[in-house]
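Structure data (PDB, C-alpha atoms and all ligand atoms) from my_file-v2.pdb:
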ATOM      1  CA  MET H 657       0.000   0.000   0.000
ATOM      2  CA  CYS H 658       1.428   3.385  -0.975
ATOM      3  CA  LYS H 659       1.363   6.049   1.681
ATOM      4  CA  SER H 660       1.373   9.715   0.828
ATOM      5  CA  SER H 661       4.251  11.644   2.319
ATOM      6  CA  ARG H 662       3.146  15.201   1.709
ATOM      7  CA  ALA H 663       2.739  17.452   4.717
ATOM      8  CA  SER H 664      -0.881  18.298   5.339
ATOM      9  CA  VAL H 665      -2.084  21.015   2.954
ATOM     10  CA  SER H 666      -5.766  21.517   2.286
ATOM     11  CA  ALA H 667      -7.043  21.019  -1.230
ATOM     12  CA  VAL H 668      -8.966  23.648  -3.117
ATOM     13  CA  VAL H 669     -12.603  22.693  -2.590
ATOM     14  CA  VAL H 670     -14.283  23.254  -5.938
ATOM     15  CA  ASP H 671     -17.558  25.172  -5.689
ATOM     16  CA  GLY H 672     -19.834  23.309  -8.094
ATOM     17  CA  LYS H 673     -22.802  25.461  -7.091
ATOM     18  CA  MET H 674     -21.014  28.641  -8.148
ATOM     19  CA  ILE H 675     -19.738  27.185 -11.438
ATOM     20  CA  GLY H 676     -23.225  25.791 -12.090
ATOM     21  CA  ARG H 677     -24.818  29.188 -11.388
ATOM     22  CA  ASN H 678     -22.657  30.778 -14.098
ATOM     23  CA  VAL H 679     -23.886  28.152 -16.556
ATOM     24  CA  LEU H 680     -27.504  28.787 -15.526
ATOM     25  CA  ASP H 681     -27.037  32.554 -16.001
ATOM     26  CA  ASN H 682     -25.888  31.906 -19.564
ATOM     27  CA  VAL H 683     -28.827  29.557 -20.191
ATOM     28  CA  GLU H 684     -31.228  32.184 -18.831
ATOM     29  CA  LYS H 685     -29.940  34.759 -21.332
ATOM     30  CA  ARG H 686     -30.331  32.308 -24.191
ATOM     31  CA  ALA H 687     -33.852  31.374 -23.034
ATOM     32  CA  ARG H 688     -34.796  35.065 -22.986
ATOM     33  CA  LYS H 689     -33.447  35.535 -26.503
ATOM     34  CA  LEU H 690     -35.466  32.558 -27.741
ATOM     35  CA  LEU H 691     -38.559  33.957 -26.065
ATOM     36  CA  GLU H 692     -38.041  37.282 -27.872
ATOM     37  CA  ASN H 693     -38.280  35.218 -31.056
ATOM     38  CA  GLY H 694     -41.533  33.664 -29.864
ATOM     39  CA  VAL H 695     -40.126  30.323 -28.670
ATOM     40  CA  GLU H 696     -40.468  29.161 -25.074
ATOM     41  CA  ALA H 697     -37.880  26.479 -24.310
ATOM     42  CA  HIS H 698     -39.761  23.509 -22.896
ATOM     43  CA  LEU H 699     -38.548  20.419 -21.022
ATOM     44  CA  ALA H 700     -40.786  17.393 -20.429
ATOM     45  CA  VAL H 701     -39.900  15.178 -17.483
ATOM     46  CA  VAL H 702     -41.481  11.752 -17.249
ATOM     47  CA  ILE H 703     -41.454  10.182 -13.804
ATOM     48  CA  VAL H 704     -42.785   6.711 -13.154
ATOM     49  CA  GLY H 705     -43.772   5.692  -9.623
ATOM     50  CA  GLU H 706     -43.340   7.327  -6.237
ATOM     51  CA  ASP H 707     -39.662   6.808  -5.410
ATOM     52  CA  PRO H 708     -38.993   9.745  -3.026
ATOM     53  CA  ALA H 709     -35.380  10.332  -4.176
ATOM     54  CA  SER H 710     -36.492  10.464  -7.833
ATOM     55  CA  HIS H 711     -39.177  13.009  -6.955
ATOM     56  CA  VAL H 712     -36.548  15.171  -5.204
ATOM     57  CA  TYR H 713     -34.316  14.993  -8.310
ATOM     58  CA  VAL H 714     -37.224  15.959 -10.558
ATOM     59  CA  ARG H 715     -38.183  18.848  -8.282
ATOM     60  CA  ASN H 716     -34.569  20.121  -8.410
ATOM     61  CA  LYS H 717     -34.655  19.990 -12.205
ATOM     62  CA  GLU H 718     -37.953  21.891 -12.257
ATOM     63  CA  ARG H 719     -36.470  24.560  -9.966
ATOM     64  CA  ALA H 720     -33.498  24.953 -12.320
ATOM     65  CA  CYS H 721     -35.952  25.355 -15.223
ATOM     66  CA  GLU H 722     -37.808  28.089 -13.293
ATOM     67  CA  LYS H 723     -34.509  29.859 -12.623
ATOM     68  CA  CYS H 724     -33.564  29.786 -16.317
ATOM     69  CA  GLY H 725     -36.950  30.687 -17.767
ATOM     70  CA  ILE H 726     -37.454  27.220 -19.256
ATOM     71  CA  LEU H 727     -40.963  25.824 -19.123
ATOM     72  CA  SER H 728     -41.132  22.370 -17.553
ATOM     73  CA  THR H 729     -43.930  19.832 -17.701
ATOM     74  CA  ARG H 730     -43.997  16.839 -15.400
ATOM     75  CA  ILE H 731     -45.702  13.703 -16.640
ATOM     76  CA  GLY H 732     -46.282  11.435 -13.652
ATOM     77  CA  MET H 733     -47.067   7.791 -14.377
ATOM     78  CA  PRO H 734     -48.117   5.026 -11.957
ATOM     79  CA  GLY H 735     -45.340   2.743 -10.682
ATOM     80  CA  ASP H 736     -46.868  -0.281 -12.440
ATOM     81  CA  SER H 737     -46.741   1.365 -15.891
ATOM     82  CA  SER H 738     -45.555  -0.981 -18.617
ATOM     83  CA  GLN H 739     -42.685  -0.342 -21.003
ATOM     84  CA  GLU H 740     -45.203   0.051 -23.846
ATOM     85  CA  GLU H 741     -47.084   2.731 -21.910
ATOM     86  CA  ILE H 742     -43.879   4.683 -21.235
ATOM     87  CA  LEU H 743     -42.808   4.315 -24.886
ATOM     88  CA  GLY H 744     -46.244   5.628 -25.897
ATOM     89  CA  ILE H 745     -45.771   8.774 -23.799
ATOM     90  CA  VAL H 746     -42.294   9.309 -25.266
ATOM     91  CA  GLU H 747     -43.725   8.926 -28.790
ATOM     92  CA  ASP H 748     -46.285  11.664 -28.095
ATOM     93  CA  LEU H 749     -43.575  13.955 -26.687
ATOM     94  CA  ASN H 750     -41.317  13.259 -29.684
ATOM     95  CA  ALA H 751     -44.139  14.392 -31.983
ATOM     96  CA  ASP H 752     -44.981  17.512 -29.956
ATOM     97  CA  LYS H 753     -43.281  20.479 -31.644
ATOM     98  CA  LYS H 754     -43.606  22.578 -28.483
ATOM     99  CA  ILE H 755     -41.446  20.151 -26.481
ATOM    100  CA  HIS H 756     -37.694  20.598 -27.005
ATOM    101  CA  GLY H 757     -36.231  18.272 -24.384
ATOM    102  CA  ILE H 758     -37.423  14.942 -22.957
ATOM    103  CA  LEU H 759     -36.088  12.999 -20.042
ATOM    104  CA  VAL H 760     -37.375   9.907 -18.318
ATOM    105  CA  GLN H 761     -36.221   9.933 -14.706
ATOM    106  CA  SER H 762     -34.328   6.824 -13.652
ATOM    107  CA  PRO H 763     -34.575   4.333 -12.133
ATOM    108  CA  ALA H 764     -37.187   2.816 -14.396
ATOM    109  CA  PRO H 765     -39.601   0.423 -12.671
ATOM    110  CA  ALA H 766     -38.824  -3.290 -12.554
ATOM    111  CA  GLY H 767     -39.279  -4.967 -15.917
ATOM    112  CA  VAL H 768     -38.736  -1.779 -17.928
ATOM    113  CA  ASP H 769     -35.609  -1.635 -20.078
ATOM    114  CA  GLU H 770     -33.958   1.772 -19.509
ATOM    115  CA  LEU H 771     -31.891   1.419 -22.675
ATOM    116  CA  ALA H 772     -35.049   0.864 -24.747
ATOM    117  CA  ILE H 773     -36.573   4.002 -23.225
ATOM    118  CA  ALA H 774     -33.403   6.061 -23.824
ATOM    119  CA  SER H 775     -33.274   4.804 -27.414
ATOM    120  CA  SER H 776     -36.898   5.819 -28.059
ATOM    121  CA  ILE H 777     -36.323   9.529 -27.406
ATOM    122  CA  LEU H 778     -35.521  11.552 -30.530
ATOM    123  CA  PRO H 779     -31.744  12.231 -30.439
ATOM    124  CA  SER H 780     -32.454  15.956 -30.973
ATOM    125  CA  LYS H 781     -34.622  16.007 -27.799
ATOM    126  CA  ASP H 782     -32.430  13.628 -25.770
ATOM    127  CA  VAL H 783     -31.293  16.130 -23.130
ATOM    128  CA  ASP H 784     -29.863  13.367 -20.898
ATOM    129  CA  GLY H 785     -27.538  12.467 -23.777
ATOM    130  CA  PHE H 786     -28.125   8.719 -23.393
ATOM    131  CA  HIS H 787     -29.442   7.922 -26.885
ATOM    132  CA  PRO H 788     -27.080   5.567 -28.770
ATOM    133  CA  ALA H 789     -26.801   8.132 -31.604
ATOM    134  CA  ASN H 790     -25.550  10.809 -29.205
ATOM    135  CA  LEU H 791     -23.220   8.412 -27.360
ATOM    136  CA  GLY H 792     -22.041   7.044 -30.728
ATOM    137  CA  LYS H 793     -21.076  10.535 -31.872
ATOM    138  CA  LEU H 794     -19.034  10.933 -28.707
ATOM    139  CA  VAL H 795     -17.163   7.714 -29.520
ATOM    140  CA  GLN H 796     -16.335   9.234 -32.913
ATOM    141  CA  GLY H 797     -14.914  12.342 -31.248
ATOM    142  CA  ASP H 798     -17.870  14.390 -32.446
ATOM    143  CA  ASN H 799     -19.278  16.660 -29.739
ATOM    144  CA  SER H 800     -22.107  18.062 -31.861
ATOM    145  CA  GLY H 801     -24.735  15.807 -30.262
ATOM    146  CA  LEU H 802     -26.348  16.247 -26.854
ATOM    147  CA  LEU H 803     -23.829  14.889 -24.354
ATOM    148  CA  PRO H 804     -24.445  13.148 -20.995
ATOM    149  CA  CYS H 805     -24.823  15.747 -18.258
ATOM    150  CA  THR H 806     -22.657  14.386 -15.438
ATOM    151  CA  PRO H 807     -19.451  13.815 -17.431
ATOM    152  CA  THR H 808     -19.932  17.116 -19.283
ATOM    153  CA  GLY H 809     -20.362  18.794 -15.901
ATOM    154  CA  VAL H 810     -17.096  17.259 -14.710
ATOM    155  CA  MET H 811     -15.298  18.511 -17.844
ATOM    156  CA  HIS H 812     -16.712  21.962 -17.151
ATOM    157  CA  ILE H 813     -15.430  21.829 -13.553
ATOM    158  CA  LEU H 814     -11.942  20.933 -14.811
ATOM    159  CA  GLU H 815     -11.979  23.766 -17.374
ATOM    160  CA  SER H 816     -13.260  26.282 -14.815
ATOM    161  CA  SER H 817     -10.487  25.237 -12.438
ATOM    162  CA  GLN H 818      -8.003  25.733 -15.315
ATOM    163  CA  PHE H 819      -6.687  22.229 -14.765
ATOM    164  CA  GLU H 820      -4.556  21.255 -17.746
ATOM    165  CA  LEU H 821      -5.467  17.707 -18.822
ATOM    166  CA  GLU H 822      -3.028  17.268 -21.700
ATOM    167  CA  GLY H 823      -0.657  14.392 -21.046
ATOM    168  CA  LYS H 824      -2.052  13.793 -17.558
ATOM    169  CA  ARG H 825      -2.963  10.378 -16.210
ATOM    170  CA  ALA H 826      -6.690  10.244 -15.549
ATOM    171  CA  LEU H 827      -8.381   7.416 -13.690
ATOM    172  CA  VAL H 828     -12.127   6.924 -14.064
ATOM    173  CA  ILE H 829     -13.541   4.543 -11.462
ATOM    174  CA  GLY H 830     -16.836   3.160 -12.749
ATOM    175  CA  ARG H 831     -17.799   2.044 -16.255
ATOM    176  CA  SER H 832     -21.516   2.790 -16.430
ATOM    177  CA  ARG H 833     -23.214   3.817 -19.666
ATOM    178  CA  ILE H 834     -24.280   7.140 -18.162
ATOM    179  CA  VAL H 835     -21.216   8.247 -16.173
ATOM    180  CA  GLY H 836     -17.998   6.210 -16.307
ATOM    181  CA  MET H 837     -17.750   5.287 -19.997
ATOM    182  CA  PRO H 838     -18.688   8.680 -21.485
ATOM    183  CA  MET H 839     -16.439  10.322 -18.874
ATOM    184  CA  ALA H 840     -13.461   8.262 -20.016
ATOM    185  CA  LEU H 841     -14.187   9.113 -23.664
ATOM    186  CA  MET H 842     -14.357  12.847 -22.961
ATOM    187  CA  LEU H 843     -11.070  12.834 -21.048
ATOM    188  CA  ALA H 844      -9.316  10.914 -23.834
ATOM    189  CA  GLN H 845     -10.738  13.015 -26.675
ATOM    190  CA  LYS H 846      -8.499  15.134 -28.854
ATOM    191  CA  GLY H 847      -8.341  18.518 -27.214
ATOM    192  CA  ALA H 848      -8.597  17.079 -23.693
ATOM    193  CA  ASP H 849      -5.722  14.650 -24.328
ATOM    194  CA  ALA H 850      -5.526  12.858 -21.000
ATOM    195  CA  THR H 851      -4.257   9.284 -20.807
ATOM    196  CA  VAL H 852      -7.177   7.391 -19.362
ATOM    197  CA  THR H 853      -7.521   4.262 -17.250
ATOM    198  CA  ILE H 854     -10.959   2.828 -16.477
ATOM    199  CA  ALA H 855     -11.330   0.892 -13.223
ATOM    200  CA  HIS H 856     -14.305  -1.112 -11.940
ATOM    201  CA  SER H 857     -15.267  -3.686  -9.333
ATOM    202  CA  LYS H 858     -12.949  -6.321 -10.836
ATOM    203  CA  THR H 859      -9.894  -4.070 -11.017
ATOM    204  CA  ALA H 860      -6.842  -5.451  -9.189
ATOM    205  CA  ASP H 861      -4.280  -3.275  -7.381
ATOM    206  CA  MET H 862      -6.659  -0.348  -7.166
ATOM    207  CA  GLU H 863      -4.566   1.637  -4.660
ATOM    208  CA  GLU H 864      -1.475   1.531  -6.861
ATOM    209  CA  ILE H 865      -3.476   2.602  -9.907
ATOM    210  CA  CYS H 866      -5.040   5.430  -7.905
ATOM    211  CA  MET H 867      -1.647   6.608  -6.686
ATOM    212  CA  GLU H 868      -0.426   7.006 -10.280
ATOM    213  CA  ALA H 869      -3.335   9.231 -11.289
ATOM    214  CA  ASP H 870      -3.047  13.004 -11.663
ATOM    215  CA  ILE H 871      -6.812  13.078 -11.715
ATOM    216  CA  ILE H 872      -9.298  10.634 -10.220
ATOM    217  CA  ILE H 873     -12.973  10.665 -11.157
ATOM    218  CA  SER H 874     -14.811   8.364  -8.814
ATOM    219  CA  ALA H 875     -18.278   7.195  -9.886
ATOM    220  CA  ILE H 876     -18.836   4.133  -7.725
ATOM    221  CA  GLY H 877     -21.580   4.868  -5.205
ATOM    222  CA  ARG H 878     -19.861   3.477  -2.072
ATOM    223  CA  PRO H 879     -19.470   6.003   0.740
ATOM    224  CA  HIS H 880     -15.898   7.107   1.506
ATOM    225  CA  ILE H 881     -14.297   4.150  -0.299
ATOM    226  CA  ILE H 882     -11.453   6.323  -1.643
ATOM    227  CA  GLY H 883      -9.175   7.068   1.289
ATOM    228  CA  PRO H 884      -6.125   9.323   1.650
ATOM    229  CA  ASP H 885      -3.730   6.429   1.056
ATOM    230  CA  SER H 886      -5.118   6.031  -2.476
ATOM    231  CA  VAL H 887      -4.565   9.568  -3.653
ATOM    232  CA  LYS H 888      -1.466  11.153  -5.162
ATOM    233  CA  PRO H 889      -0.518  14.385  -3.403
ATOM    234  CA  GLY H 890      -1.670  17.429  -5.345
ATOM    235  CA  SER H 891      -4.006  15.481  -7.648
ATOM    236  CA  PHE H 892      -7.496  16.534  -8.751
ATOM    237  CA  VAL H 893     -10.156  14.351  -7.135
ATOM    238  CA  VAL H 894     -13.662  14.522  -8.565
ATOM    239  CA  ASP H 895     -16.285  12.791  -6.471
ATOM    240  CA  VAL H 896     -19.312  11.805  -8.546
ATOM    241  CA  GLY H 897     -20.650   9.218  -6.097
ATOM    242  CA  ILE H 898     -23.697   9.931  -3.987
ATOM    243  CA  SER H 899     -24.807   7.630  -1.179
ATOM    244  CA  ARG H 900     -27.600   8.269   1.292
ATOM    245  CA  MET H 901     -26.398   7.553   4.847
ATOM    246  CA  ASP H 902     -28.533   6.189   7.713
ATOM    247  CA  ASP H 903     -28.875   9.664   9.239
ATOM    248  CA  GLY H 904     -30.266  10.973   5.930
ATOM    249  CA  SER H 905     -27.095  12.879   4.962
ATOM    250  CA  LEU H 906     -25.347  12.447   1.605
ATOM    251  CA  ALA H 907     -21.840  11.032   1.250
ATOM    252  CA  GLY H 908     -19.507  10.820  -1.703
ATOM    253  CA  ASP H 909     -17.107   8.029  -2.626
ATOM    254  CA  VAL H 910     -14.181  10.047  -1.298
ATOM    255  CA  HIS H 911     -13.290  10.165   2.400
ATOM    256  CA  PRO H 912     -13.184  13.719   3.802
ATOM    257  CA  SER H 913      -9.553  13.239   4.899
ATOM    258  CA  VAL H 914      -8.507  13.178   1.204
ATOM    259  CA  GLU H 915      -8.825  16.959   1.396
ATOM    260  CA  GLU H 916      -5.460  16.975   3.208
ATOM    261  CA  ILE H 917      -3.732  15.204   0.297
ATOM    262  CA  ALA H 918      -5.387  16.280  -2.955
ATOM    263  CA  GLY H 919      -4.749  19.564  -4.750
ATOM    264  CA  TRP H 920      -8.419  19.985  -5.721
ATOM    265  CA  ILE H 921     -11.484  18.140  -4.540
ATOM    266  CA  THR H 922     -15.184  18.349  -5.356
ATOM    267  CA  PRO H 923     -17.484  18.174  -2.322
ATOM    268  CA  VAL H 924     -20.623  16.067  -1.892
ATOM    269  CA  PRO H 925     -23.063  17.718  -1.877
ATOM    270  CA  GLY H 926     -22.246  20.891  -3.802
ATOM    271  CA  GLY H 927     -19.745  19.574  -6.351
ATOM    272  CA  VAL H 928     -20.759  17.492  -9.355
ATOM    273  CA  GLY H 929     -24.500  17.410  -8.489
ATOM    274  CA  PRO H 930     -25.262  21.065  -9.306
ATOM    275  CA  MET H 931     -23.156  20.771 -12.466
ATOM    276  CA  THR H 932     -25.247  17.833 -13.686
ATOM    277  CA  ILE H 933     -28.406  19.922 -13.436
ATOM    278  CA  ALA H 934     -26.690  22.925 -15.028
ATOM    279  CA  MET H 935     -25.652  20.768 -17.997
ATOM    280  CA  LEU H 936     -29.207  19.469 -18.303
ATOM    281  CA  MET H 937     -30.382  23.064 -18.626
ATOM    282  CA  ARG H 938     -27.652  23.760 -21.176
ATOM    283  CA  ASN H 939     -28.664  20.709 -23.214
ATOM    284  CA  THR H 940     -32.303  21.818 -23.091
ATOM    285  CA  ILE H 941     -31.534  25.298 -24.370
ATOM    286  CA  ARG H 942     -29.278  23.836 -27.081
ATOM    287  CA  ALA H 943     -32.099  21.525 -28.146
ATOM    288  CA  ALA H 944     -34.566  24.420 -28.231
ATOM    289  CA  GLU H 945     -32.166  26.605 -30.226
ATOM    290  CA  SER H 946     -31.371  23.927 -32.777
ATOM    291  CA  LEU H 947     -34.996  22.892 -33.218
ATOM    292  CA  ASN H 948     -35.801  26.519 -34.011
ATOM    293  CA  ASN H 949     -32.988  27.235 -36.431
TER     294      ASN H 949
HETATM  295  P1  LIG X1001     -23.455   2.203 -11.502
HETATM  296  O1  LIG X1001     -24.102   1.991 -12.820
HETATM  297  O2  LIG X1001     -23.886   1.403 -10.328
HETATM  298  O3  LIG X1001     -21.878   1.996 -11.705
HETATM  299  C1  LIG X1001     -21.012   1.922 -10.619
HETATM  300  C2  LIG X1001     -19.648   1.515 -11.131
HETATM  301  O4  LIG X1001     -18.790   1.417 -10.000
HETATM  302  C3  LIG X1001     -19.630   0.158 -11.841
HETATM  303  O5  LIG X1001     -18.877   0.253 -13.032
HETATM  304  C4  LIG X1001     -18.961  -0.773 -10.834
HETATM  305  O6  LIG X1001     -18.169  -1.768 -11.416
HETATM  306  C5  LIG X1001     -18.043   0.189 -10.108
HETATM  307  N1  LIG X1001     -17.716  -0.290  -8.771
HETATM  308  C6  LIG X1001     -18.557  -0.810  -7.835
HETATM  309  N2  LIG X1001     -17.872  -1.129  -6.726
HETATM  310  C7  LIG X1001     -16.572  -0.846  -6.975
HETATM  311  C8  LIG X1001     -15.373  -0.967  -6.236
HETATM  312  N3  LIG X1001     -15.374  -1.469  -5.002
HETATM  313  N4  LIG X1001     -14.233  -0.551  -6.808
HETATM  314  C9  LIG X1001     -14.218  -0.053  -8.057
HETATM  315  N5  LIG X1001     -15.323   0.093  -8.807
HETATM  316  C10 LIG X1001     -16.480  -0.300  -8.279
HETATM  317  O7  LIG X1001     -23.589   3.720 -11.039
HETATM  318  P2  LIG X1001     -23.622   5.097 -11.885
HETATM  319  O8  LIG X1001     -24.978   5.313 -12.404
HETATM  320  O9  LIG X1001     -22.456   5.155 -12.800
HETATM  321  O10 LIG X1001     -23.383   6.116 -10.688
HETATM  322  C11 LIG X1001     -22.237   6.031  -9.874
HETATM  323  C12 LIG X1001     -22.405   6.927  -8.662
HETATM  324  O11 LIG X1001     -22.521   8.263  -9.108
HETATM  325  C13 LIG X1001     -23.672   6.666  -7.837
HETATM  326  O12 LIG X1001     -23.400   6.940  -6.487
HETATM  327  C14 LIG X1001     -24.656   7.687  -8.371
HETATM  328  O13 LIG X1001     -25.634   8.032  -7.405
HETATM  329  C15 LIG X1001     -23.722   8.837  -8.626
HETATM  330  N6  LIG X1001     -24.198   9.791  -9.623
HETATM  331  C16 LIG X1001     -24.088  11.091  -9.299
HETATM  332  C17 LIG X1001     -24.463  12.051 -10.200
HETATM  333  C18 LIG X1001     -24.308  13.483  -9.833
HETATM  334  O14 LIG X1001     -24.927  14.320 -10.460
HETATM  335  N7  LIG X1001     -23.465  13.800  -8.858
HETATM  336  C19 LIG X1001     -24.998  11.677 -11.442
HETATM  337  C20 LIG X1001     -25.065  10.324 -11.774
HETATM  338  C21 LIG X1001     -24.644   9.379 -10.853
HETATM  339  P3  LIG X1001     -18.797  -2.977 -12.295
HETATM  340  O15 LIG X1001     -19.060  -2.365 -13.644
HETATM  341  O16 LIG X1001     -17.736  -3.988 -12.312
HETATM  342  O17 LIG X1001     -20.050  -3.405 -11.601
END

Mind turning this structure into structure tokens?
Amino acid sequence: MCKSSRASVSAVVVDGKMIGRNVLDNVEKRARKLLENGVEAHLAVVIVGEDPASHVYVRNKERACEKCGILSTRIGMPGDSSQEEILGIVEDLNADKKIHGILVQSPAPAGVDELAIASSILPSKDVDGFHPANLGKLVQGDNSGLLPCTPTGVMHILESSQFELEGKRALVIGRSRIVGMPMALMLAQKGADATVTIAHSKTADMEEICMEADIIISAIGRPHIIGPDSVKPGSFVVDVGISRMDDGSLAGDVHPSVEEIAGWITPVPGGVGPMTIAMLMRNTIRAAESLNN
């Protein structure tokens, strides 16, 4: 096990709320401009069932819409809705010219294939950026599609912190379709130019791999699993993970003591979370602008 030897120096704690607010201000201006041209940007959010956490996420997205001057419509469906019923709603929203962005809040109920739902949304309205056409463009190094919000938010945090990625060793922990894999692609893209390693639950020698990374993006979902002995002094640690603790508080993947070792760290809450919502708003305004050009 590698131990860090650096004397205790506190990392810069990245203010995701502040960076996100700047993005929302820009979206608000663009929404106003669209409105002057007679177009009200409009996001439709489909939520199936009564999962309390999902309802909180949806409410937060609606609040962001209010802040930006984007109209939002919530379509609530019973928890026992079938895949066909959800696909039917998406079909109607695809055909509705007044709707610019569509998202179906995850998790989908048991028996419903989330990939089938994501694939049914028109790529031009796919503000979550999960449609295979949008993800496929990303694989080709083409950023012209709507891109997944969490990894884009992380890239925005790195840019805002003026962290130079070129030639750096980046470690993405997690290989999900919605966070880890697109994150790794964005970091490795031409222009970003990091050298990327993807780790997951079967990765051996995790601590050694972590210690070699100039930047760690952790998207696991296990509270405080990344400790100070796994972090290179001065590195940039981005904590995507969110876990709900027994006392109701939220915890990231990264142990708070990592703050004494890293050069930059994103907090949970207040780091990547607000950026994800900000990027959702940015995708929605992009969708509205391009559908009206
Ligand atoms: P996911 O689909 O469950 O993926 C988790 C990944 O972590 C998997 O690839 C898994 O590996 C890997 N993993 C699990 N245990 C591990 C371990 N001990 N060591 C290394 N890797 C391990 O989750 P997700 O949807 O990507 O989300 C990840 C976390 O980010 C969750 O906490 C989620 O709530 C959070 N999240 C936050 C935001 C935000 O806005 N802040 C947005 C989205 C997600 P295998 O592939 O081998 O199973």

Around all the atoms of ligand LIG 1001 (chain X) listed in the file, draw an axis-aligned box and extend it by 3 Å on each of the six sides; I want its centre and edge lengths in Å to one decimal, as JSON.
{"center_x": -19.9, "center_y": 5.2, "center_z": -9.3, "size_x": 17.4, "size_y": 24.3, "size_z": 14.6}

*asked:* Evaluate the PyMOL selection byres (((chain H and resi 911) around 7) and not hetatm) against this structure - the residues, as JSON, numbers by chain, please.
replied: {"H": [880, 881, 882, 883, 909, 910, 912, 913, 914]}

*What gap, in Å, lies between atom CA of H:Arg938 and atom CA of H:Ile872?*
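About the pair atom CA of H:Arg938 and atom CA of H:Ile872: they are 25.1 Å apart.
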
_Nearest to ligand LIG 1001 (chain X), chosen from H:Cys805, H:Val683, H:Ile876, H:Val828, with all atoms listed in the file counted in the distances_ =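 For ligand LIG 1001 (chain X), the nearest of the candidates is H:Ile876.
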
*Got a sec to resolve the PyMOL selection byres (((chain H and resi 688-704) around 10) and not hetatm) on this structure and send the residues as a PyMOL selection string?*
chain H and resi 683-687+705-707+710-711+714+717-718+721+724-738+742+745-746+749+753-765+781+783+936-937+940-945+948

Compile the contact shell of H:Ala774 as an mmCIF file with C-alpha atoms, keeping the file's coordinate frame: residues with an atom at most 10 Å away, counting only C-alpha atoms, same-chain residues fewer than 3 positions apart removed.
data_model
loop_
_atom_site.group_PDB
_atom_site.id
_atom_site.type_symbol
_atom_site.label_atom_id
_atom_site.label_comp_id
_atom_site.auth_asym_id
_atom_site.auth_seq_id
_atom_site.Cartn_x
_atom_site.Cartn_y
_atom_site.Cartn_z
ATOM 1 C CA LEU H 743 -42.808 4.315 -24.886
ATOM 2 C CA VAL H 746 -42.294 9.309 -25.266
ATOM 3 C CA ILE H 758 -37.423 14.942 -22.957
ATOM 4 C CA LEU H 759 -36.088 12.999 -20.042
ATOM 5 C CA VAL H 760 -37.375 9.907 -18.318
ATOM 6 C CA ASP H 769 -35.609 -1.635 -20.078
ATOM 7 C CA GLU H 770 -33.958 1.772 -19.509
ATOM 8 C CA LEU H 771 -31.891 1.419 -22.675
ATOM 9 C CA ILE H 777 -36.323 9.529 -27.406
ATOM 10 C CA LEU H 778 -35.521 11.552 -30.530
ATOM 11 C CA PRO H 779 -31.744 12.231 -30.439
ATOM 12 C CA ASP H 782 -32.430 13.628 -25.770
ATOM 13 C CA ASP H 784 -29.863 13.367 -20.898
ATOM 14 C CA GLY H 785 -27.538 12.467 -23.777
ATOM 15 C CA PHE H 786 -28.125 8.719 -23.393
ATOM 16 C CA HIS H 787 -29.442 7.922 -26.885
ATOM 17 C CA PRO H 788 -27.080 5.567 -28.770
#

Would you fill the gaps in stretch 776-786 of chain H so it has N, CA and C atoms, then print it as a compact mmCIF listing (two decimals), in the frame of the given file?
# COMPACT_ATOMS: atom_id res chain seq x y z
N SER H 776 -35.65 5.42 -27.41
CA SER H 776 -36.90 5.82 -28.06
C SER H 776 -37.04 7.34 -28.15
N ILE H 777 -36.23 8.06 -27.39
CA ILE H 777 -36.32 9.53 -27.41
C ILE H 777 -35.60 10.04 -28.65
N LEU H 778 -36.20 10.99 -29.36
CA LEU H 778 -35.52 11.55 -30.53
C LEU H 778 -34.15 12.08 -30.11
N PRO H 779 -33.08 11.75 -30.84
CA PRO H 779 -31.74 12.23 -30.44
C PRO H 779 -31.69 13.75 -30.27
N SER H 780 -32.48 14.48 -31.07
CA SER H 780 -32.45 15.96 -30.97
C SER H 780 -33.16 16.47 -29.71
N LYS H 781 -33.94 15.61 -29.04
CA LYS H 781 -34.62 16.01 -27.80
C LYS H 781 -34.05 15.28 -26.58
N ASP H 782 -32.99 14.51 -26.81
CA ASP H 782 -32.43 13.63 -25.77
C ASP H 782 -31.49 14.43 -24.85
N VAL H 783 -32.10 15.22 -23.95
CA VAL H 783 -31.29 16.13 -23.13
C VAL H 783 -30.46 15.42 -22.06
N ASP H 784 -30.74 14.15 -21.79
CA ASP H 784 -29.86 13.37 -20.90
C ASP H 784 -28.61 12.90 -21.64
N GLY H 785 -28.69 12.89 -22.97
CA GLY H 785 -27.54 12.47 -23.78
C GLY H 785 -27.26 10.97 -23.74
N PHE H 786 -28.32 10.17 -23.52
CA PHE H 786 -28.12 8.72 -23.39
C PHE H 786 -28.52 7.94 -24.65
